[in-house]
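Asker: What follows is work.cif; its format and atoms are mmCIF, C-alpha atoms.
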data_query
#
loop_
_atom_site.group_PDB
_atom_site.id
_atom_site.type_symbol
_atom_site.label_atom_id
_atom_site.label_comp_id
_atom_site.auth_asym_id
_atom_site.auth_seq_id
_atom_site.Cartn_x
_atom_site.Cartn_y
_atom_site.Cartn_z
ATOM 1 C CA MET P 1 -136.563 4.791 -165.901
ATOM 2 C CA ALA P 2 -133.356 6.068 -167.470
ATOM 3 C CA GLN P 3 -133.449 6.740 -171.142
ATOM 4 C CA THR P 4 -131.157 8.195 -173.736
ATOM 5 C CA VAL P 5 -131.666 11.870 -174.318
ATOM 6 C CA LYS P 6 -129.918 13.676 -177.140
ATOM 7 C CA VAL P 7 -128.951 17.277 -176.419
ATOM 8 C CA THR P 8 -127.186 19.852 -178.613
ATOM 9 C CA ILE P 9 -124.590 22.236 -177.158
ATOM 10 C CA LEU P 10 -122.741 24.685 -179.385
ATOM 11 C CA GLY P 11 -123.848 22.669 -182.419
ATOM 12 C CA SER P 12 -122.514 19.344 -181.091
ATOM 13 C CA GLU P 13 -124.970 16.566 -180.201
ATOM 14 C CA TYR P 14 -124.448 14.552 -176.990
ATOM 15 C CA PRO P 15 -126.404 11.391 -176.108
ATOM 16 C CA LEU P 16 -127.115 11.361 -172.356
ATOM 17 C CA ARG P 17 -128.775 8.952 -169.940
ATOM 18 C CA SER P 18 -131.500 10.668 -167.962
ATOM 19 C CA ASN P 19 -134.626 9.930 -165.972
ATOM 20 C CA ASP P 20 -136.077 13.363 -166.710
ATOM 21 C CA GLU P 21 -135.810 14.342 -170.364
ATOM 22 C CA ALA P 22 -137.409 17.711 -169.958
ATOM 23 C CA LEU P 23 -135.037 18.664 -167.138
ATOM 24 C CA THR P 24 -132.067 17.389 -169.128
ATOM 25 C CA GLN P 25 -133.127 19.397 -172.182
ATOM 26 C CA GLN P 26 -133.633 22.494 -170.007
ATOM 27 C CA LEU P 27 -130.182 22.161 -168.431
ATOM 28 C CA ALA P 28 -128.638 21.618 -171.852
ATOM 29 C CA GLN P 29 -130.313 24.728 -173.167
ATOM 30 C CA GLU P 30 -128.949 26.705 -170.194
ATOM 31 C CA VAL P 31 -125.397 25.414 -170.842
ATOM 32 C CA ASP P 32 -125.788 26.101 -174.539
ATOM 33 C CA GLY P 33 -127.061 29.594 -173.844
ATOM 34 C CA GLN P 34 -124.215 30.276 -171.437
ATOM 35 C CA LEU P 35 -121.574 29.054 -173.929
ATOM 36 C CA ARG P 36 -123.136 31.007 -176.783
ATOM 37 C CA GLU P 37 -123.175 34.184 -174.647
ATOM 38 C CA LEU P 38 -119.475 33.707 -173.770
ATOM 39 C CA GLN P 39 -118.702 32.905 -177.398
ATOM 40 C CA SER P 40 -120.373 36.133 -178.509
ATOM 41 C CA LYS P 41 -118.335 38.076 -175.951
ATOM 42 C CA LEU P 42 -115.121 36.178 -176.454
ATOM 43 C CA PRO P 43 -115.201 34.957 -180.068
ATOM 44 C CA SER P 44 -111.454 34.376 -180.155
ATOM 45 C CA GLN P 45 -111.412 31.924 -177.241
ATOM 46 C CA SER P 46 -111.454 28.223 -177.711
ATOM 47 C CA THR P 47 -114.382 26.026 -176.888
ATOM 48 C CA THR P 48 -112.411 24.576 -173.948
ATOM 49 C CA THR P 49 -111.814 28.033 -172.479
ATOM 50 C CA LEU P 50 -115.443 28.905 -173.005
ATOM 51 C CA ALA P 51 -116.425 25.674 -171.284
ATOM 52 C CA VAL P 52 -114.142 26.427 -168.312
ATOM 53 C CA LEU P 53 -115.560 29.950 -168.038
ATOM 54 C CA ALA P 54 -119.077 28.573 -168.246
ATOM 55 C CA ALA P 55 -118.239 26.005 -165.571
ATOM 56 C CA LEU P 56 -116.876 28.771 -163.364
ATOM 57 C CA ASN P 57 -120.013 30.782 -163.900
ATOM 58 C CA PHE P 58 -122.208 27.799 -162.958
ATOM 59 C CA ALA P 59 -119.973 27.103 -159.936
ATOM 60 C CA GLU P 60 -120.358 30.720 -158.849
ATOM 61 C CA GLN P 61 -124.126 30.511 -159.296
ATOM 62 C CA GLU P 62 -124.172 27.302 -157.259
ATOM 63 C CA ALA P 63 -122.120 28.925 -154.519
ATOM 64 C CA HIS P 64 -124.495 31.895 -154.427
ATOM 65 C CA THR P 65 -127.462 29.539 -154.453
ATOM 66 C CA LYS P 66 -126.111 27.493 -151.533
ATOM 67 C CA GLU P 67 -125.286 30.624 -149.613
ATOM 68 C CA ASN P 68 -128.809 31.909 -150.173
ATOM 69 C CA GLU P 69 -130.137 28.510 -149.226
ATOM 70 C CA ARG P 70 -128.065 28.570 -146.018
ATOM 71 C CA ARG P 71 -129.289 32.068 -145.189
ATOM 72 C CA GLU P 72 -132.868 31.044 -145.928
ATOM 73 C CA ILE P 73 -132.476 27.914 -143.787
ATOM 74 C CA ASP P 74 -130.966 29.963 -140.982
ATOM 75 C CA ARG P 75 -133.813 32.481 -141.253
ATOM 76 C CA ILE P 76 -136.416 29.735 -141.244
ATOM 77 C CA ALA P 77 -134.695 28.021 -138.307
ATOM 78 C CA LEU P 78 -134.595 31.318 -136.451
ATOM 79 C CA ASP P 79 -138.238 31.907 -137.225
ATOM 80 C CA LEU P 80 -139.094 28.400 -136.040
ATOM 81 C CA GLU P 81 -137.082 28.897 -132.863
ATOM 82 C CA THR P 82 -138.826 32.217 -132.288
ATOM 83 C CA LEU P 83 -142.206 30.634 -132.947
ATOM 84 C CA SER P 84 -141.359 27.717 -130.666
ATOM 85 C CA ALA P 85 -140.305 30.085 -127.903
ATOM 86 C CA ALA P 86 -143.449 32.140 -128.424
ATOM 87 C CA LEU P 87 -145.635 29.017 -128.322
ATOM 88 C CA GLU P 88 -143.884 27.710 -125.220
ATOM 89 C CA GLN P 89 -144.310 31.082 -123.565
ATOM 90 C CA ALA P 90 -147.933 31.212 -124.659
ATOM 91 C CA MET P 91 -148.614 27.741 -123.243
ATOM 92 C CA GLU P 92 -147.022 28.491 -119.899
ATOM 93 C CA MET J 1 -111.049 21.130 -147.350
ATOM 94 C CA THR J 2 -112.194 22.612 -150.626
ATOM 95 C CA PRO J 3 -114.478 25.657 -150.721
ATOM 96 C CA THR J 4 -117.288 23.416 -151.909
ATOM 97 C CA GLU J 5 -116.789 21.067 -148.953
ATOM 98 C CA SER J 6 -116.645 24.046 -146.609
ATOM 99 C CA ARG J 7 -119.892 25.373 -148.010
ATOM 100 C CA GLU J 8 -121.405 21.895 -147.693
ATOM 101 C CA VAL J 9 -120.334 21.715 -144.044
ATOM 102 C CA VAL J 10 -121.786 25.137 -143.300
ATOM 103 C CA LEU J 11 -124.967 24.250 -145.154
ATOM 104 C CA GLY J 12 -125.107 20.940 -143.269
ATOM 105 C CA LEU J 13 -124.848 22.766 -139.960
ATOM 106 C CA SER J 14 -127.651 25.076 -141.045
ATOM 107 C CA ARG J 15 -129.759 22.110 -142.054
ATOM 108 C CA GLU J 16 -129.057 20.416 -138.716
ATOM 109 C CA ARG J 17 -130.086 23.607 -136.968
ATOM 110 C CA LEU J 18 -133.186 23.700 -139.155
ATOM 111 C CA ALA J 19 -133.894 20.065 -138.340
ATOM 112 C CA ARG J 20 -133.574 20.761 -134.607
ATOM 113 C CA ALA J 21 -135.731 23.812 -134.959
ATOM 114 C CA CYS J 22 -138.264 21.811 -136.943
ATOM 115 C CA SER J 23 -138.222 19.042 -134.349
ATOM 116 C CA ARG J 24 -138.632 21.511 -131.538
ATOM 117 C CA PHE J 25 -141.335 23.312 -133.467
ATOM 118 C CA GLU J 26 -143.131 20.062 -134.189
ATOM 119 C CA ARG J 27 -143.004 19.128 -130.538
ATOM 120 C CA VAL J 28 -144.105 22.566 -129.464
ATOM 121 C CA ALA J 29 -146.758 22.643 -132.177
ATOM 122 C CA ARG J 30 -148.034 19.220 -131.100
ATOM 123 C CA ASP J 31 -148.128 20.368 -127.495
ATOM 124 C CA ALA J 32 -149.796 23.555 -128.652
ATOM 125 C CA ALA J 33 -152.321 21.579 -130.661
ATOM 126 C CA GLU J 34 -153.073 19.408 -127.642
ATOM 127 C CA ARG J 35 -153.233 22.518 -125.553
ATOM 128 C CA ILE J 36 -155.513 24.131 -128.127
ATOM 129 C CA VAL J 37 -157.780 21.066 -128.091
ATOM 130 C CA GLN J 38 -157.807 21.195 -124.322
ATOM 131 C CA LEU J 39 -158.454 24.932 -124.379
ATOM 132 C CA LYS J 40 -161.214 24.431 -126.922
ATOM 133 C CA ALA J 41 -162.810 21.884 -124.620
ATOM 134 C CA GLU J 42 -162.407 24.274 -121.719
ATOM 135 C CA LYS J 43 -163.738 27.075 -123.899
ATOM 136 C CA PHE J 44 -166.737 24.938 -124.853
ATOM 137 C CA ALA J 45 -167.318 24.090 -121.217
ATOM 138 C CA LEU J 46 -166.905 27.742 -120.270
ATOM 139 C CA GLU J 47 -169.286 28.772 -123.044
ATOM 140 C CA ARG J 48 -171.845 26.288 -121.755
ATOM 141 C CA ARG J 49 -171.204 27.536 -118.249
ATOM 142 C CA LEU J 50 -171.540 31.098 -119.535
ATOM 143 C CA THR J 51 -174.822 30.194 -121.239
ATOM 144 C CA ASP J 52 -176.062 28.611 -118.036
ATOM 145 C CA LEU J 53 -174.905 31.632 -116.068
ATOM 146 C CA GLU J 54 -176.585 33.974 -118.538
ATOM 147 C CA THR J 55 -179.802 31.983 -118.204
ATOM 148 C CA LEU J 56 -179.430 31.993 -114.450
ATOM 149 C CA PHE J 57 -178.616 35.690 -114.511
ATOM 150 C CA ALA J 58 -181.701 36.361 -116.628
ATOM 151 C CA GLN J 59 -183.814 34.380 -114.193
ATOM 152 C CA GLU J 60 -182.236 36.131 -111.222
ATOM 153 C CA ARG J 61 -182.747 39.456 -112.932
ATOM 154 C CA GLN J 62 -186.387 38.602 -113.569
ATOM 155 C CA ASN J 63 -186.740 37.505 -109.957
ATOM 156 C CA PHE J 64 -185.050 40.699 -108.851
ATOM 157 C CA GLU J 65 -187.382 42.789 -110.990
ATOM 158 C CA GLN J 66 -190.377 40.937 -109.587
ATOM 159 C CA ARG J 67 -189.062 41.438 -106.066
ATOM 160 C CA ALA J 68 -188.397 45.099 -106.793
ATOM 161 C CA ALA J 69 -191.960 45.461 -108.087
ATOM 162 C CA LEU J 70 -193.245 43.628 -105.013
ATOM 163 C CA ILE J 71 -191.189 45.853 -102.719
ATOM 164 C CA ALA J 72 -192.475 48.923 -104.539
ATOM 165 C CA SER J 73 -196.030 47.644 -104.142
ATOM 166 C CA VAL J 74 -195.473 46.889 -100.471
ATOM 167 C CA THR J 75 -193.885 50.302 -99.984
ATOM 168 C CA SER J 76 -196.839 51.977 -101.653
ATOM 169 C CA GLU J 77 -199.260 49.939 -99.579
ATOM 170 C CA SER J 78 -197.266 50.735 -96.460
ATOM 171 C CA GLU J 79 -197.452 54.433 -97.271
ATOM 172 C CA GLU J 80 -201.195 54.141 -97.805
ATOM 173 C CA ARG J 81 -201.565 52.235 -94.544
ATOM 174 C CA THR J 82 -199.425 54.814 -92.789
ATOM 175 C CA LYS J 83 -201.703 57.493 -94.149
ATOM 176 C CA GLU J 84 -204.771 55.489 -93.102
ATOM 177 C CA PHE J 85 -203.168 54.923 -89.706
ATOM 178 C CA SER J 86 -202.599 58.662 -89.364
ATOM 179 C CA ASN J 87 -206.214 59.314 -90.279
ATOM 180 C CA LEU J 88 -207.407 56.633 -87.865
ATOM 181 C CA ASN J 89 -205.121 58.026 -85.185
ATOM 182 C CA ALA J 90 -206.588 61.482 -85.737
ATOM 183 C CA ARG J 91 -210.093 60.023 -85.623
ATOM 184 C CA LEU J 92 -209.163 58.079 -82.499
ATOM 185 C CA ASN J 93 -207.889 61.261 -80.883
ATOM 186 C CA ASP J 94 -211.146 62.988 -81.805
ATOM 187 C CA GLN J 95 -213.168 60.084 -80.446
ATOM 188 C CA GLU J 96 -211.020 60.037 -77.323
ATOM 189 C CA ARG J 97 -211.684 63.734 -76.905
ATOM 190 C CA LEU J 98 -215.407 63.168 -77.469
ATOM 191 C CA LEU J 99 -215.294 60.234 -75.054
ATOM 192 C CA ASN J 100 -213.639 62.403 -72.425
ATOM 193 C CA GLU J 101 -216.310 65.002 -73.012
ATOM 194 C CA GLN J 102 -218.986 62.327 -72.728
ATOM 195 C CA ILE J 103 -217.337 61.006 -69.562
ATOM 196 C CA GLU J 104 -217.395 64.503 -68.164
ATOM 197 C CA THR J 105 -221.026 64.822 -69.230
ATOM 198 C CA ILE J 106 -221.802 61.446 -67.650
ATOM 199 C CA SER J 107 -220.049 62.510 -64.460
ATOM 200 C CA ARG J 108 -222.027 65.709 -64.473
ATOM 201 C CA LEU J 109 -225.232 63.779 -65.190
ATOM 202 C CA GLU J 110 -224.375 61.288 -62.448
ATOM 203 C CA SER J 111 -223.863 64.152 -60.058
ATOM 204 C CA GLU J 112 -227.110 65.660 -61.213
ATOM 205 C CA LEU J 113 -228.763 62.248 -60.946
ATOM 206 C CA GLU J 114 -227.444 61.915 -57.422
ATOM 207 C CA ASN J 115 -228.890 65.314 -56.616
ATOM 208 C CA ARG J 116 -232.157 64.315 -58.262
ATOM 209 C CA SER J 117 -232.078 61.052 -56.330
ATOM 210 C CA THR J 118 -231.607 62.948 -53.136
ATOM 211 C CA GLU J 119 -234.413 65.261 -54.120
ATOM 212 C CA LEU J 120 -236.521 62.256 -55.117
ATOM 213 C CA ARG J 121 -235.879 60.576 -51.800
ATOM 214 C CA ALA J 122 -236.868 63.808 -50.126
ATOM 215 C CA GLN J 123 -239.952 63.994 -52.333
ATOM 216 C CA ILE J 124 -240.711 60.349 -51.531
ATOM 217 C CA ALA J 125 -240.407 61.148 -47.863
ATOM 218 C CA THR J 126 -242.569 64.173 -48.436
ATOM 219 C CA GLU J 127 -245.006 62.064 -50.429
ATOM 220 C CA THR J 128 -245.053 59.483 -47.656
ATOM 221 C CA ALA J 129 -245.745 62.227 -45.186
ATOM 222 C CA TRP J 130 -248.356 63.658 -47.499
ATOM 223 C CA GLN J 131 -249.869 60.214 -47.944
ATOM 224 C CA SER J 132 -249.959 59.775 -44.174
ATOM 225 C CA GLU J 133 -251.470 63.183 -43.830
ATOM 226 C CA LEU J 134 -253.850 62.389 -46.711
ATOM 227 C CA ALA J 135 -254.877 59.176 -45.012
ATOM 228 C CA GLU J 136 -255.373 61.156 -41.854
ATOM 229 C CA TRP J 137 -257.338 63.709 -43.790
ATOM 230 C CA LYS J 138 -259.328 60.987 -45.484
ATOM 231 C CA SER J 139 -260.083 59.565 -42.096
ATOM 232 C CA LYS J 140 -261.058 63.056 -40.949
ATOM 233 C CA VAL J 141 -263.143 63.492 -44.096
ATOM 234 C CA ALA J 142 -264.804 60.192 -43.444
ATOM 235 C CA ASN J 143 -265.562 61.309 -39.930
ATOM 236 C CA ILE J 144 -266.699 64.650 -41.192
ATOM 237 C CA GLU J 145 -268.818 62.953 -43.834
ATOM 238 C CA GLN J 146 -270.315 60.825 -41.077
ATOM 239 C CA ARG J 147 -270.863 63.938 -39.034
ATOM 240 C CA LEU J 148 -272.188 65.623 -42.178
ATOM 241 C CA GLU J 149 -274.578 62.811 -42.722
ATOM 242 C CA ALA J 150 -275.546 63.003 -39.069
ATOM 243 C CA THR J 151 -275.755 66.795 -39.284
ATOM 244 C CA THR J 152 -277.704 66.517 -42.545
ATOM 245 C CA ALA J 153 -280.061 64.084 -40.875
ATOM 246 C CA GLU J 154 -280.198 66.375 -37.882
ATOM 247 C CA ARG J 155 -280.773 69.370 -40.208
ATOM 248 C CA ASP J 156 -283.494 67.476 -41.979
ATOM 249 C CA ASP J 157 -284.996 66.684 -38.611
ATOM 250 C CA LEU J 158 -284.607 70.308 -37.583
ATOM 251 C CA ARG J 159 -286.131 71.421 -40.851
ATOM 252 C CA GLY J 160 -288.898 69.010 -40.277
ATOM 253 C CA LYS J 161 -289.320 70.363 -36.771
ATOM 254 C CA ILE J 162 -289.062 73.910 -38.049
ATOM 255 C CA TYR J 163 -291.617 73.103 -40.657
ATOM 256 C CA GLU J 164 -293.737 71.464 -38.033
ATOM 257 C CA ASP J 165 -293.158 74.394 -35.665
ATOM 258 C CA GLU J 166 -293.997 76.867 -38.415
ATOM 259 C CA ARG J 167 -296.995 74.812 -39.234
ATOM 260 C CA MET J 168 -297.853 74.751 -35.539
ATOM 261 C CA ASN J 169 -297.049 78.429 -35.265
ATOM 262 C CA ALA J 170 -299.352 78.970 -38.108
ATOM 263 C CA GLN J 171 -301.977 77.257 -36.020
ATOM 264 C CA TYR J 172 -300.790 78.557 -32.630
ATOM 265 C CA ILE J 173 -299.350 81.742 -31.550
ATOM 266 C CA LEU J 174 -295.825 81.124 -30.595
ATOM 267 C CA HIS J 175 -294.986 82.972 -27.469
ATOM 268 C CA LEU J 176 -291.260 83.490 -27.719
ATOM 269 C CA THR J 177 -289.260 86.113 -25.994
ATOM 270 C CA PRO J 178 -286.759 88.071 -27.996
ATOM 271 C CA ASP J 179 -283.939 86.219 -26.305
ATOM 272 C CA ASP J 180 -285.439 82.920 -27.369
ATOM 273 C CA ARG J 181 -285.662 84.109 -30.936
ATOM 274 C CA ASP J 182 -282.071 85.379 -30.893
ATOM 275 C CA LYS J 183 -280.815 82.074 -29.452
ATOM 276 C CA ALA J 184 -282.758 80.124 -32.036
ATOM 277 C CA ALA J 185 -281.380 82.274 -34.865
ATOM 278 C CA LYS J 186 -277.798 81.951 -33.570
ATOM 279 C CA ALA J 187 -278.188 78.189 -33.279
ATOM 280 C CA ILE J 188 -279.406 78.017 -36.867
ATOM 281 C CA ASP J 189 -276.515 80.224 -38.076
ATOM 282 C CA THR J 190 -274.031 78.104 -36.191
ATOM 283 C CA LEU J 191 -275.351 74.939 -37.805
ATOM 284 C CA ILE J 192 -275.251 76.546 -41.249
ATOM 285 C CA ASP J 193 -271.621 77.638 -40.692
ATOM 286 C CA GLN J 194 -270.624 74.151 -39.575
ATOM 287 C CA LEU J 195 -272.316 72.698 -42.609
ATOM 288 C CA SER J 196 -270.429 75.081 -44.933
ATOM 289 C CA THR J 197 -267.135 74.269 -43.291
ATOM 290 C CA ILE J 198 -267.731 70.497 -43.711
ATOM 291 C CA GLU J 199 -268.614 70.984 -47.357
ATOM 292 C CA SER J 200 -265.433 73.026 -47.972
ATOM 293 C CA ARG J 201 -263.200 70.377 -46.332
ATOM 294 C CA THR J 202 -264.876 67.629 -48.328
ATOM 295 C CA LEU J 203 -264.138 69.461 -51.572
ATOM 296 C CA ILE J 204 -260.482 70.025 -50.595
ATOM 297 C CA ALA J 205 -260.041 66.383 -49.652
ATOM 298 C CA ASN J 206 -261.474 65.232 -52.964
ATOM 299 C CA GLU J 207 -259.195 67.565 -54.892
ATOM 300 C CA ILE J 208 -256.127 66.223 -53.080
#
Kindly transcribe the structure held in the file into structure tokens.
Answerer:
Amino acid sequence: MAQTVKVTILGSEYPLRSNDEALTQQLAQEVDGQLRELQSKLPSQSTTTLAVLAALNFAEQEAHTKENERREIDRIALDLETLSAALEQAME
Amino acid sequence: MTPTESREVVLGLSRERLARACSRFERVARDAAERIVQLKAEKFALERRLTDLETLFAQERQNFEQRAALIASVTSESEERTKEFSNLNARLNDQERLLNEQIETISRLESELENRSTELRAQIATETAWQSELAEWKSKVANIEQRLEATTAERDDLRGKIYEDERMNAQYILHLTPDDRDKAAKAIDTLIDQLSTIESRTLIANEI
């Protein structure tokens, strides 16, 4: 059941609707950590720029994650095909 | 198409491939499971068959060992009987040799018996002849005994006469010539000789 979860990012509080408060808090902490890391490296940049950079970083991580997922799926599919072939050969 | 959409398409293809692989694997795994169940049943049946065969093999092995022992016993007994047969054969040969010797002895004895039979027949003939001659001699002896009795009676008469003559001569002078006395003496000697001869023949006849 969706509920209102209050998260704090770079000192600003945001009320959010979520079904999983713990996950929402964890994601908020990751975003906050990412923005604070960029802010420490680029203290002169605006919050918007830091947010864009953080979004790019998350997009890059997602792209890497999907690529890894695809590779893992392909590997598992290959393994399954190999196992299937081996089983078929074994049953012949 | 954005990079995100492109990645989603590629990822979708991979997922479809994974889904096909999963489907194929599920099918193959299900077939394999059925095959495994079937193989387990066959394995169970084969294990039971193997157990039965092991039991049968053990029984056959026991039977074989018993038969081997029986064959060994029969072989040993056969060897003993062969040995006994050899001994009996040797004894039979000895007995055959002894029998041949006995047959030869019997033949020799038969020949000797035939000779003895011939001799016996000859002796029987001789005995028959001797018996005939003995009967003849007995008849002669009987005659001689009769003559001896007659001669003895005659001698007794003559002795009586001689006694009477001597008694008469003692009363009367007997006038005899020398020739008469010689004739009388010769007649007496002749009678005495005949009497001795009869006595000798009587003794011989009794001895026979």
Asker: Expanded to explicit residues, what is the PyMOL selection byres ((chain P) within 6 of (chain J)) for this file, as a list of chain:residue names?
Answerer: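 Applying the PyMOL selection byres ((chain P) within 6 of (chain J)) to the structure shown produces P:Arg70, P:Asp74, P:Ala77, P:Leu80, P:Glu81, P:Ser84.
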Asker: So that I can see what lies close to range 119-134 of chain J, please list as a list in words the residues with an atom at most 8 Å from it, counting only C-alpha atoms and leaving out residues fewer than 4 positions away in the same chain.
Answerer: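 These residues fall inside the cut-off: Asn115, Lys138, Ala205 and Ile208 of chain J.
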Asker: Hey, can you check how far CA of Lys66 in chain P sits from CA of Gln26 in chain P?
Answerer: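 Interatomic distance here is 20.6 Å.
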Asker: Can you translate the PyMOL selection byres ((chain P and resi 29-32) around 8) into the concrete residues it hits in this file, as a list in words?
Answerer: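 In the shown coordinates, the PyMOL selection byres ((chain P and resi 29-32) around 8) covers Thr8, Ile9, Leu10, Gln25, Gln26, Leu27, Ala28, Gly33, Gln34, Leu35, Arg36 and Ala54 of chain P.
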Asker: Here is a test: counting only C-alpha atoms, which residue of P:Glu37, P:Glu92, P:Glu13, P:Glu62 is nearest to Leu50 in chain P?
Answerer: P:Glu37
Asker: Please measure the separation of CA of Asn19 in chain P and CA of Met1 in chain P, giving the value in Å to one decimal.
Answerer: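 Computed distance, CA of Asn19 in chain P to CA of Met1 in chain P, equals 5.5 Å.
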Asker: Could you check how far CA of Ala90 in chain P sits from CA of Ile73 in chain P, in Å to one decimal?
Answerer: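 Interatomic distance, CA of Ala90 in chain P to CA of Ile73 in chain P: 24.8 Å.
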Asker: Quick one: which residues end up in the PyMOL selection byres ((chain J and resi 153-164) around 12) for this structure, as a VMD selection string?
Answerer: chain J and resid 145 to 152 165 to 172 184 to 185 187 to 192 194 to 195
Asker: With 5 Å of padding per side, what axis-aligned box (centre and edge lengths, Å, one decimal) covers all the listed atoms of range 29-43 of chain P? Give it as JSON.
Answerer:
{"center_x": -122.7, "center_y": 31.4, "center_z": -175.1, "size_x": 25.2, "size_y": 23.3, "size_z": 19.9}
